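K.L.:
Let me give you the structure first, and then I'll get to my questions.
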Amino acid sequence: MGSVFGAARLKVWSSRSDHRVVSRKPADVEPQDAHLARHAWWGAFALTLLLILGLGFVRSAQAASSPLPPLAVPGIVEIDDEEAEDEEESEDEEVEAEECEAIEEEGEEEECEGAKGDLTPPPACFLSSVDAAVSADLVHNKLHLALRYTAVKPAAVGVDYWLRGSKGPLNLEGDQKHFGRSGVFRLTQSLTDAQVKKVAAAKSFNISVAPVNAPRSCSSYLDQQLEVKRAAPGGAMWIDDDSTFRHARHSRHQRHG
């Protein structure tokens, strides 16, 4: 009986020992697997880091060898110089036109250069059209000014003129007359010998047409600049490109022919 009980105890103790041995096996193997996994992770991390550093070195070398194109900044558009100048000029013309309209409405006596784009003077200028011509009779030492005009209503108008040329400038005799609805205003001046030389060398004539009580801005519409010089009997004639006197002169030649 005792031997049977002892054998049973021995069997139980043996099974418990086997169970402890079996239960210790995972504990003994697990630290080794974790150690291997940790080494594998560090190896992968080191390899990734080396790849990143290698790519960075390659990109740096490429950037040093070939310059990158300039980056486009959002919201900024490059415009050609000619297009920019055209836009600036159109903006300036619009601003000048608006200022001219304001001057005409208020009747202020200020010069308005923007009015040159519109060839029709406003009613405040009294005159609606002006065309001038200067002719020199160098044989008889005479200078003639002719001013063809139309008017919105009759008005007193002051006319002054001067020349510029290689012999120097020369102020000439002006006058103030009453202008009707239309007509031709004429001035004739006798010249000295010194004045004849300046007239013969004249390159241009400037005519100032100033209706009394008209805004100064009217000068942009009415003043004349004669820069076209033509040969004429006994001397020369100065007109502008759109002169009606040139057409009348041609008509006279045709009639005489």
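Ordering of the structure tokens sets the chain letters (A, B, ...), residue numbers begin anew at 1 in every chain, and ligands are numbered from 1 in the order given.
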Find the residues near Ala210 (chain A): any atom within 12 Å, counting only C-alpha atoms, skip ones fewer than 2 places away on the same chain, and give them as a PyMOL selection string.
P.N.:
chain A and resi 109+124-127+130+155-161+174-179+207-208+212-224
K.L.:
Filtering to N, CA and C atoms, could you give me those residues as a CSV table (one decimal), in the first residue's frame?
P.N.:
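Output file again.csv is given in full below:
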chain,number,residue,atom,x,y,z
A,109,GLU,N,-9.7,127.7,-65.5
A,109,GLU,CA,-8.7,128.1,-66.5
A,109,GLU,C,-7.4,127.4,-66.3
A,124,ALA,N,-17.6,126.2,-74.8
A,124,ALA,CA,-17.0,127.3,-74.0
A,124,ALA,C,-15.9,128.0,-74.7
A,125,CYS,N,-15.3,127.4,-75.7
A,125,CYS,CA,-14.2,128.0,-76.5
A,125,CYS,C,-14.7,128.9,-77.6
A,126,PHE,N,-16.0,129.0,-77.8
A,126,PHE,CA,-16.6,129.9,-78.8
A,126,PHE,C,-16.3,129.5,-80.2
A,127,LEU,N,-15.0,129.2,-80.5
A,127,LEU,CA,-14.7,128.8,-81.9
A,127,LEU,C,-14.8,127.3,-82.0
A,130,VAL,N,-10.4,126.0,-86.4
A,130,VAL,CA,-9.4,126.9,-86.7
A,130,VAL,C,-8.4,126.3,-87.6
A,155,ALA,N,-17.4,136.3,-81.0
A,155,ALA,CA,-16.6,136.5,-79.8
A,155,ALA,C,-15.4,137.3,-80.2
A,156,ALA,N,-14.8,138.0,-79.2
A,156,ALA,CA,-13.5,138.7,-79.4
A,156,ALA,C,-12.4,137.7,-79.2
A,157,VAL,N,-11.5,137.7,-80.1
A,157,VAL,CA,-10.4,136.7,-80.1
A,157,VAL,C,-9.0,137.4,-80.2
A,158,GLY,N,-8.1,137.0,-79.4
A,158,GLY,CA,-6.7,137.5,-79.5
A,158,GLY,C,-5.9,136.5,-80.2
A,159,VAL,N,-5.0,137.0,-81.1
A,159,VAL,CA,-4.2,136.2,-81.9
A,159,VAL,C,-2.7,136.7,-81.8
A,160,ASP,N,-1.8,135.8,-81.4
A,160,ASP,CA,-0.4,136.1,-81.3
A,160,ASP,C,0.3,135.0,-82.0
A,161,TYR,N,1.5,135.3,-82.5
A,161,TYR,CA,2.3,134.2,-83.2
A,161,TYR,C,3.8,134.5,-83.1
A,174,GLY,N,0.8,140.6,-83.0
A,174,GLY,CA,-0.5,140.0,-83.0
A,174,GLY,C,-1.6,141.1,-82.9
A,175,ASP,N,-2.8,140.6,-82.7
A,175,ASP,CA,-3.9,141.6,-82.7
A,175,ASP,C,-5.1,140.9,-82.1
A,176,GLN,N,-6.1,141.7,-81.7
A,176,GLN,CA,-7.4,141.2,-81.2
A,176,GLN,C,-8.5,141.7,-82.0
A,177,LYS,N,-9.4,140.8,-82.5
A,177,LYS,CA,-10.4,141.2,-83.4
A,177,LYS,C,-11.7,140.5,-83.0
A,178,HIS,N,-12.8,141.0,-83.5
A,178,HIS,CA,-14.1,140.4,-83.3
A,178,HIS,C,-14.4,139.4,-84.4
A,179,PHE,N,-14.6,138.1,-84.0
A,179,PHE,CA,-14.8,137.1,-85.0
A,179,PHE,C,-16.4,136.9,-85.1
A,207,ILE,N,1.0,129.6,-83.5
A,207,ILE,CA,-0.1,130.6,-83.4
A,207,ILE,C,-0.9,130.4,-82.2
A,208,SER,N,-1.1,131.4,-81.4
A,208,SER,CA,-1.9,131.3,-80.2
A,208,SER,C,-3.2,132.0,-80.5
A,212,VAL,N,-11.7,135.7,-75.9
A,212,VAL,CA,-11.8,136.4,-74.6
A,212,VAL,C,-12.9,135.6,-73.7
A,213,ASN,N,-12.5,135.4,-72.4
A,213,ASN,CA,-13.4,134.8,-71.4
A,213,ASN,C,-13.5,133.2,-71.7
A,214,ALA,N,-12.7,132.7,-72.5
A,214,ALA,CA,-12.7,131.2,-72.7
A,214,ALA,C,-11.7,130.6,-71.8
A,215,PRO,N,-11.9,129.4,-71.3
A,215,PRO,CA,-11.0,128.7,-70.4
A,215,PRO,C,-9.6,128.5,-71.1
A,216,ARG,N,-8.6,128.5,-70.3
A,216,ARG,CA,-7.2,128.3,-70.9
A,216,ARG,C,-7.1,127.0,-71.5
A,217,SER,N,-7.9,126.0,-71.1
A,217,SER,CA,-7.8,124.7,-71.7
A,217,SER,C,-8.2,124.7,-73.2
A,218,CYS,N,-8.8,125.8,-73.7
A,218,CYS,CA,-9.2,125.9,-75.1
A,218,CYS,C,-7.9,126.0,-76.0
A,219,SER,N,-6.8,126.4,-75.4
A,219,SER,CA,-5.6,126.4,-76.2
A,219,SER,C,-5.2,125.1,-76.8
A,220,SER,N,-5.5,124.0,-76.1
A,220,SER,CA,-5.2,122.7,-76.6
A,220,SER,C,-6.0,122.4,-77.9
A,221,TYR,N,-7.1,123.0,-78.1
A,221,TYR,CA,-7.9,122.8,-79.4
A,221,TYR,C,-7.6,123.9,-80.4
A,222,LEU,N,-7.3,125.1,-80.0
A,222,LEU,CA,-7.3,126.2,-81.0
A,222,LEU,C,-5.9,126.6,-81.4
A,223,ASP,N,-4.9,126.4,-80.6
A,223,ASP,CA,-3.5,126.9,-81.0
A,223,ASP,C,-3.0,126.0,-82.1
A,224,GLN,N,-2.3,126.7,-83.0
A,224,GLN,CA,-1.8,126.0,-84.2
A,224,GLN,C,-0.2,126.0,-84.2
K.L.:
For region 186-188 of chain A, work out the shell of residues within 6 Å, counting only C-alpha atoms and skipping chain neighbours fewer than 6 positions away, then give it as a ChimeraX atom specification.
P.N.:
/A:143-146
K.L.:
Taking all heavy atoms for each residue, export the selection above as a compact mmCIF listing (two decimals), in the first residue's frame.
P.N.:
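Written out: out_20.txt:
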# COMPACT_ATOMS: atom_id res chain seq x y z
N LEU A 143 5.23 139.66 -94.27
CA LEU A 143 4.83 138.38 -93.67
C LEU A 143 3.31 138.41 -93.49
O LEU A 143 2.75 139.37 -92.93
CB LEU A 143 5.52 138.16 -92.32
CG LEU A 143 5.33 136.79 -91.68
CD1 LEU A 143 6.01 135.71 -92.53
CD2 LEU A 143 5.91 136.76 -90.26
N HIS A 144 2.65 137.37 -93.96
CA HIS A 144 1.19 137.32 -93.94
C HIS A 144 0.72 136.14 -93.09
O HIS A 144 1.22 135.01 -93.25
CB HIS A 144 0.63 137.18 -95.36
CG HIS A 144 1.11 138.23 -96.30
ND1 HIS A 144 0.60 139.51 -96.33
CD2 HIS A 144 2.08 138.20 -97.26
CE1 HIS A 144 1.21 140.22 -97.26
NE2 HIS A 144 2.13 139.44 -97.83
N LEU A 145 -0.24 136.39 -92.21
CA LEU A 145 -0.89 135.34 -91.42
C LEU A 145 -2.36 135.30 -91.82
O LEU A 145 -3.03 136.34 -91.86
CB LEU A 145 -0.78 135.62 -89.93
CG LEU A 145 -1.66 134.76 -89.01
CD1 LEU A 145 -1.24 133.29 -89.06
CD2 LEU A 145 -1.63 135.28 -87.57
N ALA A 146 -2.85 134.11 -92.14
CA ALA A 146 -4.27 133.91 -92.45
C ALA A 146 -4.82 132.84 -91.50
O ALA A 146 -4.20 131.78 -91.32
CB ALA A 146 -4.45 133.48 -93.90
K.L.:
To one decimal place, how far is CA of Leu147 (chain A) from CA of Leu191 (chain A) in Å?
P.N.:
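Going from CA of Leu147 (chain A) over to CA of Leu191 (chain A) covers 19.8 Å.
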K.L.:
At what distance in Å, to one decimal, does CA of Arg148 (chain A) lie from CA of Leu163 (chain A)?
P.N.:
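About the pair CA of Leu163 (chain A) and CA of Arg148 (chain A): they are 19.4 Å apart.
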K.L.:
From the options A:Ser243, A:Thr192, A:Ser182, A:Thr120, which residue's atoms come nearest to Pro154 (chain A), counting only C-alpha atoms?
P.N.:
A:Ser182
K.L.:
At a cut-off of 10 Å, using only C-alpha atoms, what residues contact Asp193 (chain A)? Leave out same-chain residues fewer than 5 positions from it and give the result as a ChimeraX atom specification.
P.N.:
/A:138,141,198-199
K.L.:
So which residues touch Ala201 (chain A) within 10 Å, counting only C-alpha atoms, skipping near sequence neighbours fewer than 6 positions away, as a PyMOL selection string?
P.N.:
chain A and resi 163-169+195
K.L.:
Taking N, CA, C and O atoms for each residue, export the selection above as a short mmCIF file (atom, residue, chain, number, x, y, z; two decimals), in the first residue's frame.
P.N.:
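See result.cif below for the written result:
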data_model
loop_
_atom_site.label_atom_id
_atom_site.label_comp_id
_atom_site.auth_asym_id
_atom_site.auth_seq_id
_atom_site.Cartn_x
_atom_site.Cartn_y
_atom_site.Cartn_z
N LEU A 163 7.97 132.58 -84.29
CA LEU A 163 8.64 131.54 -85.07
C LEU A 163 9.86 131.01 -84.33
O LEU A 163 10.39 131.66 -83.43
N ARG A 164 10.29 129.84 -84.77
CA ARG A 164 11.53 129.22 -84.28
C ARG A 164 12.31 128.73 -85.48
O ARG A 164 11.75 128.14 -86.40
N GLY A 165 13.64 128.97 -85.45
CA GLY A 165 14.45 128.54 -86.58
C GLY A 165 15.93 128.57 -86.26
O GLY A 165 16.34 128.85 -85.12
N SER A 166 16.73 128.30 -87.26
CA SER A 166 18.18 128.21 -87.07
C SER A 166 18.81 129.58 -86.77
O SER A 166 19.90 129.66 -86.20
N LYS A 167 18.11 130.68 -87.13
CA LYS A 167 18.63 132.03 -86.85
C LYS A 167 18.10 132.58 -85.53
O LYS A 167 18.37 133.73 -85.18
N GLY A 168 17.36 131.76 -84.80
CA GLY A 168 16.82 132.19 -83.52
C GLY A 168 15.32 132.45 -83.58
O GLY A 168 14.73 132.54 -84.66
N PRO A 169 14.66 132.57 -82.40
CA PRO A 169 13.22 132.82 -82.36
C PRO A 169 12.90 134.28 -82.67
O PRO A 169 13.76 135.16 -82.60
N GLN A 195 14.90 140.65 -89.55
CA GLN A 195 13.73 139.78 -89.39
C GLN A 195 13.55 138.89 -90.63
O GLN A 195 13.14 137.74 -90.51
#
K.L.:
In Å, with one decimal, what is the gap from CA of Ala231 (chain A) to CA of Tyr149 (chain A)?
P.N.:
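For CA of Ala231 (chain A) relative to CA of Tyr149 (chain A), the distance reads 24.2 Å.
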